[in-house]
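J.: Supplied structure: input_36.csv, CSV, C-alpha atoms and all ligand atoms.
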```
chain,number,residue,atom,x,y,z
A,34,MET,CA,23.0,-3.4,-3.2
A,35,PRO,CA,19.6,-3.2,-1.5
A,36,LEU,CA,16.6,-2.1,-3.6
A,37,ARG,CA,14.7,0.2,-1.2
A,38,SER,CA,13.4,2.4,-4.0
A,39,MET,CA,12.7,1.6,-7.7
A,40,LEU,CA,11.5,4.6,-9.7
A,41,PHE,CA,9.4,4.1,-12.8
A,42,VAL,CA,10.4,6.3,-15.7
A,43,PRO,CA,8.5,6.2,-18.9
A,44,GLY,CA,10.9,4.9,-21.5
A,45,ASP,CA,10.1,7.6,-24.1
A,46,ALA,CA,10.4,10.7,-21.8
A,47,GLU,CA,13.8,12.3,-22.3
A,48,ARG,CA,13.5,14.8,-19.4
A,49,LYS,CA,12.3,12.2,-17.0
A,50,LEU,CA,15.1,9.8,-18.0
A,51,ALA,CA,17.6,12.6,-17.2
A,52,LYS,CA,15.9,13.5,-14.0
A,53,GLY,CA,15.7,9.9,-12.9
A,54,ARG,CA,19.4,9.5,-13.2
A,55,SER,CA,20.0,12.3,-10.7
A,56,SER,CA,17.5,10.9,-8.2
A,57,PRO,CA,18.7,8.9,-5.2
A,58,ALA,CA,16.5,5.9,-6.3
A,59,ASP,CA,18.4,2.7,-5.8
A,60,ALA,CA,17.1,1.6,-9.2
A,61,LEU,CA,15.2,3.1,-12.1
A,62,ILE,CA,12.6,1.0,-14.0
A,63,LEU,CA,12.7,2.2,-17.6
A,64,ASP,CA,9.2,1.5,-18.7
A,65,LEU,CA,8.2,0.0,-22.1
A,66,GLU,CA,4.7,-1.1,-20.9
A,67,ASP,CA,1.8,0.8,-19.5
A,68,ALA,CA,3.5,4.3,-19.4
A,69,VAL,CA,4.3,4.2,-23.1
A,70,ALA,CA,1.6,4.6,-25.9
A,71,GLN,CA,1.7,1.7,-28.4
A,72,GLU,CA,2.7,4.0,-31.3
A,73,ARG,CA,5.6,5.3,-29.3
A,74,LEU,CA,7.0,1.9,-28.4
A,75,PRO,CA,9.6,1.6,-31.2
A,76,THR,CA,10.9,5.1,-30.2
A,77,ALA,CA,10.9,4.1,-26.5
A,78,ARG,CA,12.9,0.9,-27.2
A,79,GLY,CA,15.6,2.9,-28.9
A,80,MET,CA,15.7,5.5,-26.2
A,81,VAL,CA,15.9,3.0,-23.4
A,82,ARG,CA,18.7,1.1,-25.2
A,83,GLU,CA,20.7,4.4,-25.7
A,84,PHE,CA,20.1,5.4,-22.1
A,85,LEU,CA,21.4,2.0,-20.9
A,86,LEU,CA,24.5,2.3,-23.2
A,87,ALA,CA,25.2,5.8,-22.0
A,88,HIS,CA,25.0,4.8,-18.3
A,89,ARG,CA,27.2,1.8,-17.8
A,90,GLU,CA,28.3,2.7,-14.3
A,91,ARG,CA,25.6,1.3,-12.1
A,92,SER,CA,27.2,1.1,-8.6
A,93,ALA,CA,25.0,4.0,-7.2
A,94,GLN,CA,21.9,3.2,-9.2
A,95,GLN,CA,20.8,0.1,-11.0
A,96,LEU,CA,18.9,0.3,-14.3
A,97,TRP,CA,16.0,-2.1,-14.9
A,98,VAL,CA,13.6,-2.3,-17.8
A,99,ARG,CA,9.9,-3.2,-17.6
A,100,ILE,CA,9.1,-5.0,-20.8
A,101,ASN,CA,5.6,-6.0,-22.2
A,102,PRO,CA,4.0,-9.2,-20.9
A,103,LEU,CA,5.4,-12.4,-22.3
A,104,GLY,CA,2.0,-13.3,-23.6
A,105,THR,CA,2.1,-10.4,-26.1
A,106,ALA,CA,4.0,-10.3,-29.4
A,107,LEU,CA,5.9,-7.2,-28.1
A,108,ALA,CA,8.0,-8.8,-25.4
A,109,LEU,CA,10.7,-10.5,-27.5
A,110,ALA,CA,11.3,-7.3,-29.5
A,111,ASP,CA,11.5,-5.3,-26.3
A,112,LEU,CA,14.2,-7.7,-25.0
A,113,ALA,CA,16.1,-7.8,-28.3
A,114,ALA,CA,16.2,-4.0,-28.2
A,115,VAL,CA,17.3,-3.4,-24.6
A,116,VAL,CA,19.5,-6.4,-23.6
A,117,PRO,CA,22.5,-5.0,-25.7
A,118,GLY,CA,22.4,-2.1,-23.2
A,119,VAL,CA,22.9,-4.7,-20.3
A,120,PRO,CA,20.1,-3.8,-18.0
A,121,ASP,CA,20.6,-4.9,-14.4
A,122,GLY,CA,17.2,-6.6,-14.5
A,123,ILE,CA,13.9,-7.0,-16.2
A,124,VAL,CA,10.6,-6.2,-14.5
A,125,LEU,CA,8.0,-8.6,-15.9
A,126,PRO,CA,4.3,-7.5,-15.8
A,127,LYS,CA,1.3,-9.7,-15.7
A,128,PRO,CA,2.8,-13.2,-15.3
A,129,ASP,CA,0.5,-16.0,-14.3
A,130,GLY,CA,3.2,-17.9,-12.4
A,131,GLY,CA,6.9,-18.9,-11.9
A,132,GLU,CA,7.0,-20.7,-15.2
A,133,GLU,CA,7.1,-17.3,-17.0
A,134,ILE,CA,10.3,-16.5,-15.0
A,135,VAL,CA,11.8,-19.7,-16.3
A,136,ARG,CA,10.8,-18.9,-19.9
A,137,LEU,CA,12.1,-15.3,-19.7
A,138,GLY,CA,15.3,-16.8,-18.2
A,139,HIS,CA,15.7,-18.9,-21.3
A,140,TYR,CA,15.3,-15.9,-23.6
A,141,LEU,CA,17.9,-14.0,-21.5
A,142,ASP,CA,20.2,-17.0,-21.6
A,143,ALA,CA,20.2,-16.8,-25.4
A,144,LEU,CA,20.6,-13.1,-25.6
A,145,GLU,CA,23.4,-13.0,-23.0
A,146,ALA,CA,25.2,-15.7,-24.9
A,147,SER,CA,24.8,-13.9,-28.2
A,148,LEU,CA,26.2,-10.7,-26.7
A,149,GLY,CA,29.0,-12.4,-24.8
A,150,LEU,CA,27.5,-11.3,-21.4
A,151,PRO,CA,28.0,-13.5,-18.3
A,152,SER,CA,25.2,-16.0,-18.1
A,153,GLY,CA,22.5,-15.1,-15.4
A,154,HIS,CA,23.7,-11.5,-15.2
A,155,ILE,CA,20.3,-10.0,-15.8
A,156,ARG,CA,17.9,-10.5,-12.9
A,157,ILE,CA,14.1,-10.6,-12.9
A,158,VAL,CA,11.4,-9.0,-10.7
A,159,PRO,CA,7.8,-10.0,-11.6
A,160,VAL,CA,4.7,-7.8,-10.9
A,161,ALA,CA,3.2,-11.0,-9.6
A,162,THR,CA,-0.4,-10.2,-8.9
A,163,GLU,CA,-1.8,-8.5,-12.0
A,164,THR,CA,-4.0,-11.4,-13.2
A,165,ALA,CA,-6.8,-13.2,-11.4
A,166,ARG,CA,-5.1,-16.6,-12.0
A,167,ALA,CA,-1.8,-15.4,-10.6
A,168,LEU,CA,-3.3,-15.1,-7.2
A,169,PHE,CA,-3.7,-18.9,-7.0
A,170,ARG,CA,-0.2,-19.6,-8.2
A,171,LEU,CA,2.1,-17.5,-6.1
A,172,ASP,CA,3.7,-20.6,-4.6
A,173,THR,CA,5.3,-21.4,-8.0
A,174,TYR,CA,8.1,-18.8,-7.7
A,175,GLY,CA,10.2,-20.8,-5.3
A,176,ALA,CA,11.6,-23.1,-8.0
A,177,CYS,CA,12.3,-20.6,-10.8
A,178,GLY,CA,16.0,-20.2,-10.2
A,179,PRO,CA,18.6,-17.6,-9.3
A,180,ARG,CA,17.5,-14.9,-11.7
A,181,LEU,CA,14.6,-14.0,-9.5
A,182,ALA,CA,15.7,-11.0,-7.4
A,183,GLY,CA,12.5,-9.9,-5.9
A,184,MET,CA,8.7,-9.8,-6.3
A,185,THR,CA,6.3,-7.0,-6.3
A,186,TRP,CA,2.5,-6.7,-6.6
A,187,GLY,CA,0.1,-4.5,-8.6
A,188,ALA,CA,-3.3,-3.2,-7.6
A,189,GLU,CA,-4.2,-1.2,-10.7
A,190,ASP,CA,-4.1,-4.0,-13.3
A,191,LEU,CA,-5.5,-6.5,-10.8
A,192,ALA,CA,-8.6,-4.2,-10.4
A,193,ALA,CA,-9.1,-4.2,-14.2
A,194,ALA,CA,-8.5,-8.0,-14.3
A,195,LEU,CA,-11.1,-8.6,-11.6
A,196,GLY,CA,-13.7,-6.2,-13.1
A,197,ALA,CA,-13.4,-4.0,-10.0
A,198,SER,CA,-14.3,-0.3,-10.5
A,199,THR,CA,-11.7,0.6,-7.8
A,200,ASN,CA,-9.2,-1.1,-5.6
A,201,ARG,CA,-10.2,0.9,-2.5
A,202,THR,CA,-13.1,0.7,-0.1
A,203,GLU,CA,-15.3,3.8,0.7
A,204,ALA,CA,-12.9,4.4,3.7
A,205,GLY,CA,-10.0,4.7,1.2
A,206,VAL,CA,-8.1,1.6,2.2
A,207,TYR,CA,-7.3,-1.3,-0.1
A,208,ASP,CA,-10.3,-3.7,-0.5
A,209,ASP,CA,-9.9,-7.3,0.5
A,210,ALA,CA,-8.7,-8.7,-2.9
A,211,PHE,CA,-5.8,-6.2,-3.0
A,212,ARG,CA,-4.8,-6.8,0.7
A,213,LEU,CA,-4.8,-10.5,-0.1
A,214,ALA,CA,-2.6,-9.9,-3.2
A,215,ARG,CA,-0.2,-7.8,-1.0
A,216,THR,CA,0.1,-10.5,1.6
A,217,LEU,CA,0.4,-13.4,-0.8
A,218,CYS,CA,3.2,-11.5,-2.7
A,219,LEU,CA,5.0,-11.0,0.6
A,220,ALA,CA,4.7,-14.6,1.6
A,221,ALA,CA,5.7,-15.8,-1.9
A,222,ALA,CA,8.8,-13.6,-2.0
A,223,VAL,CA,9.9,-14.8,1.4
A,224,THR,CA,9.2,-18.4,0.4
A,225,ALA,CA,11.3,-17.9,-2.7
A,226,GLY,CA,14.1,-16.2,-0.7
A,227,VAL,CA,13.9,-12.9,-2.6
A,228,GLU,CA,13.1,-9.3,-1.8
A,229,PRO,CA,9.4,-8.4,-1.2
A,230,LEU,CA,8.8,-5.0,-2.8
A,231,ASP,CA,5.7,-3.0,-2.1
A,232,THR,CA,3.6,-1.6,-5.0
A,233,VAL,CA,3.4,2.0,-6.1
A,234,PHE,CA,1.5,4.8,-4.2
A,235,THR,CA,-0.2,6.6,-7.0
A,236,ASP,CA,-1.1,9.9,-5.2
A,237,PHE,CA,2.3,11.5,-5.8
A,238,ARG,CA,1.4,14.8,-4.2
A,239,ASP,CA,0.7,13.2,-0.8
A,240,PRO,CA,4.1,12.6,0.9
A,241,ALA,CA,2.5,12.0,4.3
A,242,GLY,CA,0.2,9.3,2.9
A,243,LEU,CA,3.2,7.7,1.1
A,244,ALA,CA,5.3,7.8,4.3
A,245,ARG,CA,2.5,6.0,6.2
A,246,GLU,CA,2.1,3.4,3.5
A,247,ALA,CA,5.8,2.8,3.2
A,248,ARG,CA,6.3,2.5,7.0
A,249,ALA,CA,3.4,0.0,7.1
A,250,ALA,CA,5.0,-2.0,4.3
A,251,ARG,CA,8.2,-2.2,6.1
A,252,ARG,CA,6.5,-3.2,9.3
A,253,SER,CA,4.8,-6.0,7.3
A,254,GLY,CA,8.1,-7.3,6.0
A,255,PHE,CA,8.6,-5.6,2.7
A,256,THR,CA,12.2,-4.4,2.1
A,257,GLY,CA,11.4,-1.7,-0.5
A,258,LYS,CA,8.8,0.0,-2.5
A,259,LEU,CA,8.2,1.2,-6.1
A,260,ALA,CA,7.9,4.9,-6.9
A,261,ILE,CA,6.4,6.8,-9.8
A,262,HIS,CA,7.7,10.3,-9.1
A,263,PRO,CA,11.1,11.6,-8.0
A,264,ASP,CA,9.6,13.3,-4.9
A,265,GLN,CA,8.6,9.9,-3.6
A,266,VAL,CA,12.1,8.5,-3.6
A,267,PRO,CA,13.6,10.2,-0.4
A,268,VAL,CA,10.4,9.3,1.5
A,269,ILE,CA,10.7,5.7,0.5
A,270,ASN,CA,14.5,5.5,1.1
A,271,ASP,CA,13.9,7.0,4.6
A,272,ALA,CA,11.2,4.5,5.5
A,273,PHE,CA,13.3,1.5,4.5
A,274,THR,CA,16.5,2.6,6.0
A,275,PRO,CA,16.9,1.3,9.6
A,276,SER,CA,17.2,4.2,12.1
A,277,ALA,CA,20.1,4.6,14.5
A,278,ALA,CA,17.7,3.7,17.4
A,279,GLU,CA,16.6,0.5,15.6
A,280,LEU,CA,20.2,-0.5,14.9
A,281,ALA,CA,21.2,0.1,18.5
A,282,HIS,CA,18.3,-2.0,19.8
A,283,ALA,CA,19.1,-4.8,17.4
A,284,GLU,CA,22.7,-4.8,18.5
A,285,GLN,CA,21.5,-5.0,22.2
A,286,VAL,CA,19.3,-8.0,21.3
A,287,VAL,CA,22.1,-9.8,19.6
A,288,ALA,CA,24.5,-9.0,22.5
A,289,ALA,CA,21.9,-10.2,25.1
A,290,PHE,CA,21.8,-13.6,23.4
A,291,ALA,CA,25.6,-13.7,23.0
A,292,ALA,CA,26.0,-13.1,26.7
A,293,ALA,CA,23.7,-16.1,27.5
A,294,PRO,CA,25.1,-19.0,25.4
A,295,GLY,CA,22.6,-21.8,25.0
A,296,ALA,CA,19.7,-19.7,26.3
A,297,GLY,CA,16.5,-19.7,24.2
A,298,VAL,CA,15.0,-16.8,26.0
A,299,VAL,CA,16.6,-13.7,27.7
A,300,GLY,CA,15.3,-10.5,29.3
A,301,LEU,CA,16.2,-7.0,28.1
A,302,ALA,CA,15.0,-3.8,29.7
A,303,GLY,CA,12.1,-5.7,31.4
A,304,LYS,CA,11.0,-7.4,28.2
A,305,MET,CA,11.1,-11.1,27.2
A,306,LEU,CA,13.1,-11.9,24.1
A,307,ASP,CA,13.1,-15.3,22.3
A,308,MET,CA,14.1,-16.7,19.0
A,309,PRO,CA,11.9,-14.6,16.7
A,310,HIS,CA,13.3,-11.4,18.3
A,311,LEU,CA,16.8,-12.6,17.7
A,312,LYS,CA,16.0,-13.4,14.1
A,313,GLN,CA,14.4,-10.0,13.5
A,314,ALA,CA,17.5,-8.3,15.1
A,315,GLN,CA,19.9,-10.3,12.9
A,316,ARG,CA,17.8,-9.6,9.8
A,317,LEU,CA,17.8,-5.8,10.5
A,318,LEU,CA,21.6,-5.8,11.0
A,319,ALA,CA,22.0,-7.8,7.8
A,320,ILE,CA,19.9,-5.2,5.9
A,321,ALA,CA,21.9,-2.4,7.5
A,322,ARG,CA,25.2,-4.1,6.6
A,323,GLN,CA,24.1,-4.4,3.0
A,324,ALA,CA,23.3,-0.7,3.0
A,325,GLY,CA,26.7,0.1,4.5
A,326,LEU,CA,25.1,1.3,7.8
A,327,ALA,CA,26.5,-1.3,10.1
A,328,THR,CA,29.6,-3.5,10.3
A,401,LIG,N1,10.8,9.9,-13.4
A,401,LIG,C1,11.7,10.9,-13.6
A,401,LIG,N2,11.3,12.2,-13.6
A,401,LIG,C2,10.0,12.5,-13.4
A,401,LIG,C3,9.1,11.5,-13.1
A,401,LIG,C4,9.5,10.1,-13.1
A,401,LIG,N3,8.7,9.1,-12.9
A,401,LIG,N4,7.9,12.0,-12.9
A,401,LIG,C5,8.1,13.4,-13.0
A,401,LIG,N5,9.4,13.7,-13.3
A,401,LIG,C6,10.0,15.0,-13.5
A,401,LIG,C7,9.2,15.8,-14.4
A,401,LIG,O1,9.7,15.6,-15.7
A,401,LIG,C8,9.5,17.2,-13.9
A,401,LIG,O2,10.8,17.5,-14.3
A,401,LIG,P1,11.2,19.0,-15.0
A,401,LIG,O3,10.8,20.0,-13.9
A,401,LIG,O4,12.6,18.9,-15.3
A,401,LIG,O5,10.3,19.1,-16.2
A,401,LIG,C9,9.6,17.0,-12.4
A,401,LIG,O6,9.9,15.6,-12.2
A,401,LIG,C10,8.3,17.4,-11.7
A,401,LIG,O7,7.2,16.6,-12.3
A,401,LIG,P2,5.7,17.0,-12.0
A,401,LIG,O8,5.4,18.2,-12.8
A,401,LIG,O9,5.6,17.1,-10.5
A,401,LIG,O10,5.0,15.8,-12.5
A,401,LIG,P3,4.3,15.6,-14.0
A,401,LIG,O11,2.9,16.1,-13.9
A,401,LIG,O12,5.3,16.1,-15.0
A,401,LIG,O13,4.3,14.0,-14.1
A,401,LIG,C11,3.4,11.8,-13.8
A,401,LIG,C12,3.4,13.2,-13.3
A,401,LIG,C13,2.6,10.9,-13.0
A,401,LIG,C14,2.9,11.8,-15.3
A,401,LIG,C15,4.9,11.4,-13.8
A,401,LIG,O14,5.3,11.4,-12.5
A,401,LIG,C16,5.2,10.0,-14.4
A,401,LIG,O15,5.4,9.9,-15.6
A,401,LIG,N6,5.4,9.0,-13.5
A,401,LIG,C17,5.8,7.6,-14.0
A,401,LIG,C18,4.6,6.9,-14.5
A,401,LIG,C19,4.9,5.5,-14.9
A,401,LIG,O16,6.0,5.2,-15.3
A,401,LIG,N7,3.9,4.6,-14.7
A,401,LIG,C20,4.1,3.2,-14.9
A,401,LIG,C21,4.2,2.5,-13.6
A,401,LIG,S1,2.8,2.5,-12.6
A,402,MG,MG,0.2,-1.8,-15.2
```
Can you turn what I pasted into structure tokens?
T.:
Amino acid sequence: MPLRSMLFVPGDAERKLAKGRSSPADALILDLEDAVAQERLPTARGMVREFLLAHRERSAQQLWVRINPLGTALALADLAAVVPGVPDGIVLPKPDGGEEIVRLGHYLDALEASLGLPSGHIRIVPVATETARALFRLDTYGACGPRLAGMTWGAEDLAAALGASTNRTEAGVYDDAFRLARTLCLAAAVTAGVEPLDTVFTDFRDPAGLAREARAARRSGFTGKLAIHPDQVPVINDAFTPSAAELAHAEQVVAAFAAAPGAGVVGLAGKMLDMPHLKQAQRLLAIARQAGLAT
């Protein structure tokens, strides 16, 4: 199942948990980290576990959990509390590199074995750009094994980590450090062969701005985007679902090459097409097939 939209839901917010389940988000991220106050964490762990246990049918919507960073004393207790509910995956904040995926994988190996779950069932998505050091180490994710399902990036914690007072320029666009983080995350995910997922758009009352940012992310190569409010989900799903016109064009490109066996370059409607165009068309059709939009 593709992960076009992943909606953050604070793990201790009953109404939001219920509302999230009725949202068309491809996945929820039940949060135990930044959206939960420390003193509420024990309550949130119990609520997330109960929510997971109450919603075992995941074919229409996966349920992921964001735990606390592995460098804190909280992470193991988070995992011990939620893994019995069999989350589809764990979102790992603030890792410094791929070795943290390996370490989390070992914890999950042990917990899965103790619960009789299939080994490797629980996948991992890191928020891979939340520390300064992490920016230099994004090439370490290629070798961290099959639990890695995707990679996303964060601009809020990175600003705090860098000592930046804001992540935007005066013109309102991401400043250089954050654009770099976005691009490195994209390249790292592609290198690792996993889904590149764009970060949150925090202005949840600006659907037009969100649509622009989501379309830009898709043009860049991202295959999905994180959400923080249910109203953002349809906008994101729409931006990451190939349109009928895009699919028709991709089919024409594939057909043009099929009709010219051995050709490295063909013409279609007065435009030159070569191998990168064929690859893009094939990739679009593969995404569409995954989403059940093409055969
Ligand atoms: N997931 C599920 N439901 C949500 C939601 C979310 N992330 N955000 C809002 N809702 C629900 C509200 O509970 C409300 O439902 P109700 O009408 O049944 O009470 C409805 O959607 C409308 O909410 P609204 O009033 O527009 O927003 P708000 O002011 O209540 O909440 C935020 C705004 C930002 C606090 C909220 O969207 C939120 O908690 N987002 C997630 C934050 C998070 O997890 N951050 C960590 C990752 S960056
Ligand atoms: Mg954060």
J.: For Leu243 in chain A, list every protein, DNA or RNA residue within 10 Å, evaluated using all atoms listed in the file, and leave out those in the same chain fewer than 4 positions away; present the list as a PDB file with C-alpha atoms, keeping the file's coordinate frame.
T.:
```pdb
ATOM      1  CA  VAL A 233       3.400   2.000  -6.100  1.00  0.00           C
ATOM      2  CA  PHE A 234       1.500   4.800  -4.200  1.00  0.00           C
ATOM      3  CA  THR A 235      -0.200   6.600  -7.000  1.00  0.00           C
ATOM      4  CA  ASP A 236      -1.100   9.900  -5.200  1.00  0.00           C
ATOM      5  CA  PHE A 237       2.300  11.500  -5.800  1.00  0.00           C
ATOM      6  CA  ARG A 238       1.400  14.800  -4.200  1.00  0.00           C
ATOM      7  CA  ASP A 239       0.700  13.200  -0.800  1.00  0.00           C
ATOM      8  CA  ALA A 247       5.800   2.800   3.200  1.00  0.00           C
ATOM      9  CA  ARG A 248       6.300   2.500   7.000  1.00  0.00           C
ATOM     10  CA  ALA A 249       3.400   0.000   7.100  1.00  0.00           C
ATOM     11  CA  ALA A 260       7.900   4.900  -6.900  1.00  0.00           C
ATOM     12  CA  GLN A 265       8.600   9.900  -3.600  1.00  0.00           C
ATOM     13  CA  VAL A 268      10.400   9.300   1.500  1.00  0.00           C
ATOM     14  CA  ILE A 269      10.700   5.700   0.500  1.00  0.00           C
ATOM     15  CA  ALA A 272      11.200   4.500   5.500  1.00  0.00           C
TER      16      ALA A 272
END
```
J.: Would you mind listing, for every residue of chain A within 6 Å of ligand LIG 401 (chain A), the two atoms forming the shortest contact and the distance between them in Å to one decimal, using all atoms listed in the file, sorted by chain and ascending residue number, as a Markdown table?
T.:
```
| residue | atom | partner | partner_atom | distance |
| --- | --- | --- | --- | --- |
| A:Phe41 | CA | A:LIG401 | O16 | 4.4 |
| A:Val42 | CA | A:LIG401 | N1 | 4.3 |
| A:Pro43 | CA | A:LIG401 | O16 | 4.5 |
| A:Arg48 | CA | A:LIG401 | O1 | 5.4 |
| A:Lys49 | CA | A:LIG401 | N2 | 3.5 |
| A:Leu50 | CA | A:LIG401 | C1 | 5.7 |
| A:Lys52 | CA | A:LIG401 | N2 | 4.8 |
| A:Gly53 | CA | A:LIG401 | C1 | 4.2 |
| A:Asp64 | CA | A:LIG401 | O16 | 6.0 |
| A:Asp67 | CA | A:LIG401 | C20 | 5.7 |
| A:Ala68 | CA | A:LIG401 | C20 | 4.7 |
| A:Ile261 | CA | A:LIG401 | C17 | 4.3 |
| A:His262 | CA | A:LIG401 | N3 | 4.1 |
| A:Pro263 | CA | A:LIG401 | C3 | 5.5 |
```
J.: Could you list the protein, DNA and RNA residues that have any atom within 12 Å of ligand MG 402 (chain A), counting only C-alpha atoms and all ligand atoms, and write them as JSON, numbers by chain?
T.: {"A": [41, 64, 65, 66, 67, 68, 69, 99, 100, 101, 102, 124, 125, 126, 127, 128, 159, 160, 161, 162, 163, 164, 185, 186, 187, 188, 189, 190, 191, 192, 193, 194, 232, 233, 235, 261]}
J.: Taking 2 positions as the minimum chain separation for residues in the same chain, which residues sit within 7 Å of range 216-231 of chain A when counting all atoms listed in the file? Answer as a list in words.
T.: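 Once the nearby chain positions are removed, what remains is Ala161, Leu171, Asp172, Tyr174, Gly175, Ala182, Gly183, Met184, Thr185, Trp186, Arg212, Leu213, Ala214, Val233, Ala250, Phe255, Thr256, Gly257, Lys258 and Leu259 of chain A.
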J.: Counting only C-alpha atoms, which residue out of A:Ala46, A:Ala281, A:Val81, A:Ala241 sits closest to Asp264 in chain A?
T.: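 Comparing A:Ala46, A:Ala281, A:Val81, A:Ala241 against Asp264 in chain A, the winner is A:Ala241.
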J.: Can you tell me how far CA of Glu246 in chain A sits from CA of Ala327 in chain A, in Å to one decimal?
T.: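 Going from CA of Glu246 in chain A over to CA of Ala327 in chain A, I get 25.7 Å.
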J.: Compare A:Val98, A:Met80, A:Val286, A:Val299 by their minimum atom-to-atom distance to Asp121 in chain A, counting all atoms listed in the file, and give me the closest one.
T.: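 So, comparing all the options, the nearest one is A:Val98.
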J.: Tell me, in Å to one decimal, how far CA of Ile123 in chain A is from CA of Ile157 in chain A.
T.: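 Separation of CA of Ile123 in chain A and CA of Ile157 in chain A: 4.9 Å.
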J.: I want to know what sits within 9 Å of range 289-298 of chain A, based on all atoms listed in the file, with residues of the same chain fewer than 6 positions away left out; could you give that as a list in words?
T.: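 Final neighbour list, sorted by chain and number: Met305, Leu306, Asp307, Met308 and Leu311 of chain A.
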J.: Which residues come within 12 Å of Arg89 in chain A, counting only C-alpha atoms, excluding same-chain residues fewer than 5 positions away, as an NGL selection string?
T.: :A and (54 or 82-84 or 94-96 or 117-121)
J.: Just to confirm, what's the straight-line distance from CA of Ala288 in chain A to CA of Ala314 in chain A in Å (one decimal)?
T.: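 According to the coordinates, CA of Ala288 in chain A and CA of Ala314 in chain A are separated by 10.2 Å.
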J.: Is it possible to add all heavy atoms to range 182-187 of chain A and hand it back as an mmCIF file, keeping the file's coordinate frame?
T.:
```cif
data_model
loop_
_atom_site.group_PDB
_atom_site.id
_atom_site.type_symbol
_atom_site.label_atom_id
_atom_site.label_comp_id
_atom_site.auth_asym_id
_atom_site.auth_seq_id
_atom_site.Cartn_x
_atom_site.Cartn_y
_atom_site.Cartn_z
ATOM 1 N N ALA A 182 15.070 -11.898 -8.403
ATOM 2 C CA ALA A 182 15.700 -11.000 -7.400
ATOM 3 C C ALA A 182 14.739 -10.523 -6.382
ATOM 4 O O ALA A 182 15.115 -10.180 -5.262
ATOM 5 C CB ALA A 182 16.383 -9.848 -8.111
ATOM 6 N N GLY A 183 13.482 -10.422 -6.757
ATOM 7 C CA GLY A 183 12.500 -9.900 -5.900
ATOM 8 C C GLY A 183 11.114 -10.100 -6.493
ATOM 9 O O GLY A 183 11.015 -10.632 -7.610
ATOM 10 N N MET A 184 10.090 -9.728 -5.740
ATOM 11 C CA MET A 184 8.700 -9.800 -6.300
ATOM 12 C C MET A 184 7.956 -8.607 -5.827
ATOM 13 O O MET A 184 8.099 -8.156 -4.694
ATOM 14 C CB MET A 184 8.015 -11.084 -5.742
ATOM 15 C CG MET A 184 8.637 -12.374 -6.237
ATOM 16 S SD MET A 184 7.839 -13.841 -5.564
ATOM 17 C CE MET A 184 6.223 -13.732 -6.331
ATOM 18 N N THR A 185 7.137 -8.081 -6.729
ATOM 19 C CA THR A 185 6.300 -7.000 -6.300
ATOM 20 C C THR A 185 4.854 -7.289 -6.775
ATOM 21 O O THR A 185 4.604 -8.305 -7.428
ATOM 22 C CB THR A 185 6.794 -5.643 -6.881
ATOM 23 O OG1 THR A 185 6.032 -4.577 -6.290
ATOM 24 C CG2 THR A 185 6.689 -5.565 -8.396
ATOM 25 N N TRP A 186 3.933 -6.449 -6.341
ATOM 26 C CA TRP A 186 2.500 -6.700 -6.600
ATOM 27 C C TRP A 186 1.915 -5.464 -7.241
ATOM 28 O O TRP A 186 2.479 -4.369 -7.141
ATOM 29 C CB TRP A 186 1.794 -7.161 -5.381
ATOM 30 C CG TRP A 186 1.665 -6.143 -4.281
ATOM 31 C CD1 TRP A 186 2.664 -5.736 -3.440
ATOM 32 C CD2 TRP A 186 0.490 -5.423 -3.916
ATOM 33 N NE1 TRP A 186 2.174 -4.797 -2.566
ATOM 34 C CE2 TRP A 186 0.841 -4.591 -2.827
ATOM 35 C CE3 TRP A 186 -0.827 -5.404 -4.378
ATOM 36 C CZ2 TRP A 186 -0.077 -3.737 -2.207
ATOM 37 C CZ3 TRP A 186 -1.728 -4.572 -3.751
ATOM 38 C CH2 TRP A 186 -1.351 -3.748 -2.696
ATOM 39 N N GLY A 187 0.777 -5.632 -7.931
ATOM 40 C CA GLY A 187 0.100 -4.500 -8.600
ATOM 41 C C GLY A 187 -1.340 -4.493 -8.222
ATOM 42 O O GLY A 187 -1.982 -5.550 -8.173
#
```
